[in-house]
Amino acid sequence: MRRARIHFRRLAAVASLALSLSLLPLTGVTAAQGPGVTVSSVGGQQVTEDGTVKQPLSGTVDVAGTARTGSPQQPADPAPLHAEAGDSPFVTAGDKAPLLGSAYGGTAPYTWSWTAEHGRLTGADSASPAFDTTGLAPGTYDVRLTVTDAAGVSTSDIVKAVVGEQTSSELLDEARADPTPGVFPAGQSVEFPFDVPSGVRSLDVTLSWTTPEQDYDLRVTDPSGKVVAQSESSGHPEQTSVADPAAGTWKVVAVKWATVTADVTARVVARRLTADPRPEVRAGGPYRFETGTEQRLSGTVTGGTNPVDAAWDLDGDGRFDDGTGTTVTPQLPDGRHLVTLKATDARGLERRETTSVLVGDADRLDAAPPVTVIGIADTGINPYHLEFSARTYPDPDVLALTKNFTRHPSEYIPGYPASAPAIPATLGKGYLPEEDKDLWTGGRVKGGLLHWIPGTKIIGAYSSSVDGAHPVLDDHGHGTGSASVSAGNRYGYCPTCLLVMVEGLDETVATKYPWVDITSHSFGYVGGAPVGPVLSSEEVTKE
């Protein structure tokens, strides 16, 4: 027992004296964490469990207790560093294959280094570079990812990229006379049915006519009659393309505007790729289990070169439990979990799929998946980026709810205006492809009107004005950067959040919508005319 003398200021009209908990660790858990002092009495009065004494004290008093010396408890060592180079891509020679690396354990932050003996890498010091296969023959190529953590520890993983061979064949090359020549009535059409066999990777569609003074718009409809591609430029010919078309009878539709007597020609070229050699993985789900019941996860793996190994990652640490196979019965606690099934075939080709598991009581299982919306006032956005695509969005429950973000947001967000029009961006072909050259114009994207972009988490796209060349579209990079930090699928603080993007620094747009949960407005102040340099901008920024 050690005795100490502690001086207190006189406390007027105080019924009890509360001691600072920083000086009074009362629990065994706290005491076990390192050196400390436990106070048992003050001025002869026993200290109660809530850290008080019954009678007021003043002046100099005796404090009794125990002191413990020793080293503080050291934090647990981090998990070993682990690198994952991601799924094996499958592309045509000349295409750029996206790679997606990840790292687990070790000490963040991480640095990335990708290398390949063949082909070229763009962004080799990032987690998601592009593997350029220009000049490569069909075959399989190794790409190595090396991750180094902040402690200088390094580890590597290899992904095998598959380069396939593409062939093309003509499905349609037909000329037809316009059955209703003349300037009026406009809006009539000439249709060209054609059949698409199975296994076609893409369609290249061209519409031409004999007299340049004519004008037709191009539409392509799928077997259900839905328009899935279009071109409405003022030029000649009109061209568009369709990715992964379903087998069946399609149509090229030439929609007439101002025409005279002439022939219209439609041409469709189908492009095929050699059969995909990778295994195909379906994790099943989303799964829902009531607390206390059996949790059976059952996925499927098809294709690939036998033997094909399958394994699950049930805790999101990037490590797959060998030998688990496609079916596993875990014991996950209550809550929502993301689990991943991965298949690796005899050639080393990998593919995986992530799904969610919800464990809880019946009321929670019946609830719809939560949707959180962030509103950002900034300088436009790049909707073509994978950070905002349904392709990389991490929550399969929300993907199911939104049908991969093809449902109108008013159908799943109460209060969202049903009148908001879609901006039909052509995704999967890089930034601002040829098909969209006339899409981002003031005539198509009206200023002061809320839009949404199908196939992306951008459920709100708003331009405060139409002064720029491309309303809503990010021509400078800053808006895309800030949006990816807040809600990017792979690198954002809230990867599952949906976005409302306002082009222009107008914070009043997003804040007026009651269904926007969070708004972010980084309006900094750096000085300049007429006030001159600002040495401390904190107060100005707050104002």
# chains A, B, ... in the order shown; residues from 1 in each chain; ligands from 1

$ select_by_dssp --residues "stretch 345-537 of chain A" --states "strand (DSSP E)" --output "PyMOL selection string"
chain A and resi 350-360+373-378+458-463+498-503+518-520

$ atom_distance --atom1 "atom CA of A:Arg347" --atom2 "atom CA of A:Tyr104"
25.2 Å

$ atom_distance --atom1 "atom CA of A:Tyr384" --atom2 "atom CA of A:Arg351"
23.6 Å

$ residues_around --residues "A:Ala79" --least-positions-apart "4" --cutoff "9 Å" --atoms "only C-alpha atoms" --output "list in words"
Tyr104, Gly105, Gly106 and Thr107 of chain A

$ atom_distance --atom1 "atom CA of A:Thr111" --atom2 "atom CA of A:Asp345"
29.1 Å

$ closest_residue --among "A:Ala150, A:Leu498, A:Ile158, A:Ala469" --to "A:Gly375" --atoms "only C-alpha atoms"
A:Leu498
